[in-house]
Amino acid sequence: MTHKQVEEYLLSMPNAKLDYPFGEGVAVYKAQDKMFALVQEKSDPVQLSLKCDPLLAETLREKYETVLPGYHLNKKHWNTILLTGQLDWEEIQGLIRHSYNLVTEA
C-alpha cells in the first residue's frame, strides 16, 4: 500500500479534509474538525494512525506485530499501523471506516 493509495481512500470519506496542524511531516485527516487519521510523510513502510475502540485496539495489537499503540497519541484510543502487508488492504479500509465513524457519530 502506498501513501497515495491510503490518502485517496481517506479523502473519499464524506467531508474528509487534509490538514498539516503539526507541520509538513504529518498529514492529518479530519472530518467535522476531528482527526480520524494521521499519516507520517515519507515513511517506509507507510505509518497510519487511526482512532479505534479501546477493546478492538488491544485485540489488534495482540494479534498483529505491525499494530502499535498510537505514536504521540492517546494510546488507549489510537493505533499506529505499519503498512507492511501483514494486514490486507480490505482490513485497512475497514479500520479507516471504523476510525471515521468513531469521530463522525460521536
# chains A, B, ... in the order shown; residues from 1 in each chain; ligands from 1
$ residues_around --residues "Gln93 (chain A)" --least-positions-apart "5" --cutoff "9 Å" --atoms "only C-alpha atoms" --output "list in words"
Val6, Tyr9, Leu10, Asp88 and His98 of chain A
$ write_last_selection --atoms "C-alpha atoms" --output "mmCIF file, in the first residue's frame"
data_model
loop_
_atom_site.group_PDB
_atom_site.id
_atom_site.type_symbol
_atom_site.label_atom_id
_atom_site.label_comp_id
_atom_site.auth_asym_id
_atom_site.auth_seq_id
_atom_site.Cartn_x
_atom_site.Cartn_y
_atom_site.Cartn_z
ATOM 1 C CA VAL A 6 -4.103 5.377 1.528
ATOM 2 C CA TYR A 9 -9.156 6.321 0.402
ATOM 3 C CA LEU A 10 -9.008 8.626 3.445
ATOM 4 C CA ASP A 88 -4.512 -6.660 3.841
ATOM 5 C CA HIS A 98 -14.175 2.435 11.899
#
$ residues_around --residues "Leu82 (chain A)" --least-positions-apart "2" --cutoff "12 Å" --atoms "only C-alpha atoms" --output "ChimeraX atom specification"
/A:1-3,39-40,43-50,61,64-71,79-80,84-88,92
$ residues_around --residues "region 24-34 of chain A" --least-positions-apart "5" --cutoff "8 Å" --atoms "only C-alpha atoms" --output "number ranges by chain"
A: 10-11, 14-19, 39-42, 100, 103-104
$ write_last_selection --atoms "N, CA and C atoms" --output "JSON list (two decimals), in the first residue's frame"
[["chain", "number", "residue", "atom", "x", "y", "z"],
["A", 10, "LEU", "N", -8.65, 7.75, 2.32],
["A", 10, "LEU", "CA", -9.01, 8.63, 3.44],
["A", 10, "LEU", "C", -9.84, 9.81, 2.98],
["A", 11, "LEU", "N", -9.45, 10.41, 1.86],
["A", 11, "LEU", "CA", -10.16, 11.59, 1.36],
["A", 11, "LEU", "C", -11.48, 11.24, 0.67],
["A", 14, "PRO", "N", -16.85, 10.92, 3.38],
["A", 14, "PRO", "CA", -17.62, 12.17, 3.25],
["A", 14, "PRO", "C", -17.06, 13.31, 4.10],
["A", 15, "ASN", "N", -16.86, 14.45, 3.48],
["A", 15, "ASN", "CA", -16.39, 15.68, 4.14],
["A", 15, "ASN", "C", -15.00, 15.56, 4.75],
["A", 16, "ALA", "N", -14.21, 14.60, 4.33],
["A", 16, "ALA", "CA", -12.85, 14.45, 4.85],
["A", 16, "ALA", "C", -11.96, 15.55, 4.27],
["A", 17, "LYS", "N", -11.08, 16.06, 5.12],
["A", 17, "LYS", "CA", -10.16, 17.13, 4.73],
["A", 17, "LYS", "C", -8.75, 16.80, 5.20],
["A", 18, "LEU", "N", -7.78, 17.25, 4.42],
["A", 18, "LEU", "CA", -6.37, 17.08, 4.76],
["A", 18, "LEU", "C", -5.86, 18.37, 5.37],
["A", 19, "ASP", "N", -5.08, 18.24, 6.45],
["A", 19, "ASP", "CA", -4.54, 19.40, 7.14],
["A", 19, "ASP", "C", -3.13, 19.04, 7.63],
["A", 39, "VAL", "N", -0.97, 10.29, 8.85],
["A", 39, "VAL", "CA", 0.00, 9.53, 8.08],
["A", 39, "VAL", "C", 1.33, 10.24, 8.17],
["A", 40, "GLN", "N", 2.34, 9.50, 8.59],
["A", 40, "GLN", "CA", 3.70, 10.05, 8.64],
["A", 40, "GLN", "C", 4.20, 10.21, 7.21],
["A", 41, "GLU", "N", 4.55, 11.42, 6.82],
["A", 41, "GLU", "CA", 5.03, 11.66, 5.45],
["A", 41, "GLU", "C", 6.38, 10.97, 5.22],
["A", 42, "LYS", "N", 6.55, 10.45, 4.04],
["A", 42, "LYS", "CA", 7.82, 9.87, 3.57],
["A", 42, "LYS", "C", 8.30, 8.70, 4.44],
["A", 100, "TYR", "N", -13.20, 6.70, 11.15],
["A", 100, "TYR", "CA", -14.04, 7.78, 10.64],
["A", 100, "TYR", "C", -15.39, 7.79, 11.35],
["A", 103, "VAL", "N", -15.42, 9.25, 14.95],
["A", 103, "VAL", "CA", -15.40, 10.71, 15.12],
["A", 103, "VAL", "C", -16.63, 11.39, 14.54],
["A", 104, "THR", "N", -17.28, 10.79, 13.55],
["A", 104, "THR", "CA", -18.43, 11.46, 12.94],
["A", 104, "THR", "C", -19.75, 11.10, 13.64]]
$ atom_distance --atom1 "CA of Ala57 (chain A)" --atom2 "CA of His77 (chain A)"
7.1 Å
$ select_by_dssp --residues "chain A" --states "alpha helix (DSSP H)" --output "ChimeraX atom specification"
/A:3-11,54-63,89-104
$ write_last_selection --atoms "N, CA and C atoms" --output "tab-separated table (two decimals), in the first residue's frame"
chain	number	residue	atom	x	y	z
A	3	HIS	N	1.40	5.51	0.10
A	3	HIS	CA	0.84	6.68	0.76
A	3	HIS	C	-0.31	7.24	-0.08
A	4	LYS	N	-0.10	7.31	-1.39
A	4	LYS	CA	-1.13	7.88	-2.28
A	4	LYS	C	-2.41	7.05	-2.23
A	5	GLN	N	-2.29	5.73	-2.25
A	5	GLN	CA	-3.45	4.85	-2.19
A	5	GLN	C	-4.22	5.08	-0.88
A	6	VAL	N	-3.49	5.16	0.22
A	6	VAL	CA	-4.10	5.38	1.53
A	6	VAL	C	-4.77	6.75	1.56
A	7	GLU	N	-4.06	7.77	1.08
A	7	GLU	CA	-4.60	9.13	1.09
A	7	GLU	C	-5.88	9.23	0.26
A	8	GLU	N	-5.89	8.61	-0.91
A	8	GLU	CA	-7.09	8.67	-1.75
A	8	GLU	C	-8.28	8.05	-1.02
A	9	TYR	N	-8.05	6.95	-0.32
A	9	TYR	CA	-9.16	6.32	0.40
A	9	TYR	C	-9.61	7.20	1.58
A	10	LEU	N	-8.65	7.75	2.32
A	10	LEU	CA	-9.01	8.63	3.44
A	10	LEU	C	-9.84	9.81	2.98
A	11	LEU	N	-9.45	10.41	1.86
A	11	LEU	CA	-10.16	11.59	1.36
A	11	LEU	C	-11.48	11.24	0.67
A	54	PRO	N	-11.25	1.09	22.22
A	54	PRO	CA	-10.16	0.59	23.07
A	54	PRO	C	-10.04	-0.94	23.12
A	55	LEU	N	-11.14	-1.66	23.17
A	55	LEU	CA	-11.05	-3.13	23.21
A	55	LEU	C	-10.53	-3.70	21.89
A	56	LEU	N	-11.01	-3.15	20.79
A	56	LEU	CA	-10.52	-3.57	19.48
A	56	LEU	C	-9.05	-3.21	19.32
A	57	ALA	N	-8.66	-2.03	19.80
A	57	ALA	CA	-7.26	-1.59	19.71
A	57	ALA	C	-6.34	-2.61	20.37
A	58	GLU	N	-6.70	-3.05	21.57
A	58	GLU	CA	-5.89	-4.04	22.28
A	58	GLU	C	-5.84	-5.37	21.53
A	59	THR	N	-6.98	-5.80	21.03
A	59	THR	CA	-7.05	-7.06	20.30
A	59	THR	C	-6.15	-7.02	19.07
A	60	LEU	N	-6.19	-5.92	18.33
A	60	LEU	CA	-5.36	-5.79	17.13
A	60	LEU	C	-3.88	-5.79	17.48
A	61	ARG	N	-3.52	-5.13	18.57
A	61	ARG	CA	-2.10	-5.09	18.99
A	61	ARG	C	-1.61	-6.48	19.37
A	62	GLU	N	-2.48	-7.27	20.00
A	62	GLU	CA	-2.09	-8.62	20.39
A	62	GLU	C	-1.97	-9.54	19.18
A	63	LYS	N	-2.80	-9.32	18.18
A	63	LYS	CA	-2.86	-10.20	17.01
A	63	LYS	C	-1.77	-9.89	15.97
A	89	TRP	N	-5.39	-4.91	2.41
A	89	TRP	CA	-5.98	-3.62	2.12
A	89	TRP	C	-7.43	-3.54	2.58
A	90	GLU	N	-8.19	-4.62	2.45
A	90	GLU	CA	-9.59	-4.60	2.91
A	90	GLU	C	-9.67	-4.41	4.42
A	91	GLU	N	-8.76	-5.02	5.18
A	91	GLU	CA	-8.75	-4.82	6.63
A	91	GLU	C	-8.41	-3.37	6.97
A	92	ILE	N	-7.44	-2.81	6.27
A	92	ILE	CA	-7.06	-1.41	6.50
A	92	ILE	C	-8.24	-0.49	6.18
A	93	GLN	N	-8.93	-0.74	5.08
A	93	GLN	CA	-10.09	0.07	4.73
A	93	GLN	C	-11.16	-0.01	5.82
A	94	GLY	N	-11.38	-1.19	6.36
A	94	GLY	CA	-12.35	-1.36	7.44
A	94	GLY	C	-11.96	-0.58	8.68
A	95	LEU	N	-10.67	-0.57	9.01
A	95	LEU	CA	-10.20	0.19	10.18
A	95	LEU	C	-10.29	1.69	9.94
A	96	ILE	N	-10.08	2.12	8.70
A	96	ILE	CA	-10.25	3.54	8.37
A	96	ILE	C	-11.71	3.93	8.54
A	97	ARG	N	-12.63	3.12	8.04
A	97	ARG	CA	-14.06	3.42	8.20
A	97	ARG	C	-14.44	3.43	9.67
A	98	HIS	N	-13.90	2.49	10.46
A	98	HIS	CA	-14.17	2.43	11.90
A	98	HIS	C	-13.73	3.74	12.57
A	99	SER	N	-12.53	4.20	12.25
A	99	SER	CA	-11.99	5.44	12.82
A	99	SER	C	-12.88	6.63	12.41
A	100	TYR	N	-13.20	6.70	11.15
A	100	TYR	CA	-14.04	7.78	10.64
A	100	TYR	C	-15.39	7.79	11.35
A	101	ASN	N	-16.00	6.62	11.50
A	101	ASN	CA	-17.30	6.53	12.16
A	101	ASN	C	-17.22	6.94	13.63
A	102	LEU	N	-16.13	6.61	14.30
A	102	LEU	CA	-15.98	7.00	15.70
A	102	LEU	C	-16.02	8.52	15.87
A	103	VAL	N	-15.42	9.25	14.95
A	103	VAL	CA	-15.40	10.71	15.12
A	103	VAL	C	-16.63	11.39	14.54
A	104	THR	N	-17.28	10.79	13.55
A	104	THR	CA	-18.43	11.46	12.94
A	104	THR	C	-19.75	11.10	13.64
$ atom_distance --atom1 "CA of Gly23 (chain A)" --atom2 "CA of Cys52 (chain A)"
23.8 Å
$ atom_distance --atom1 "CA of Phe36 (chain A)" --atom2 "CA of Phe22 (chain A)"
14.7 Å
$ decode --residues "region 30-55 of chain A" --atoms "C-alpha atoms" --output "CSV table (one decimal), in the first residue's frame"
chain,number,residue,atom,x,y,z
A,30,LYS,CA,-10.2,15.3,9.7
A,31,ALA,CA,-14.0,15.0,9.5
A,32,GLN,CA,-16.2,17.5,11.3
A,33,ASP,CA,-12.9,19.2,12.5
A,34,LYS,CA,-11.9,16.0,14.4
A,35,MET,CA,-8.9,13.9,13.5
A,36,PHE,CA,-9.6,10.4,12.3
A,37,ALA,CA,-6.3,9.5,10.7
A,38,LEU,CA,-2.7,10.6,10.6
A,39,VAL,CA,0.0,9.5,8.1
A,40,GLN,CA,3.7,10.1,8.6
A,41,GLU,CA,5.0,11.7,5.5
A,42,LYS,CA,7.8,9.9,3.6
A,43,SER,CA,7.8,6.8,5.9
A,44,ASP,CA,8.6,3.4,4.5
A,45,PRO,CA,6.6,1.4,5.3
A,46,VAL,CA,3.6,3.8,5.5
A,47,GLN,CA,2.7,4.6,9.1
A,48,LEU,CA,-1.0,5.1,9.5
A,49,SER,CA,-2.5,6.2,12.8
A,50,LEU,CA,-6.3,5.6,13.4
A,51,LYS,CA,-8.7,6.1,16.2
A,52,CYS,CA,-10.0,2.8,17.5
A,53,ASP,CA,-12.4,1.4,20.0
A,54,PRO,CA,-10.2,0.6,23.1
A,55,LEU,CA,-11.1,-3.1,23.2
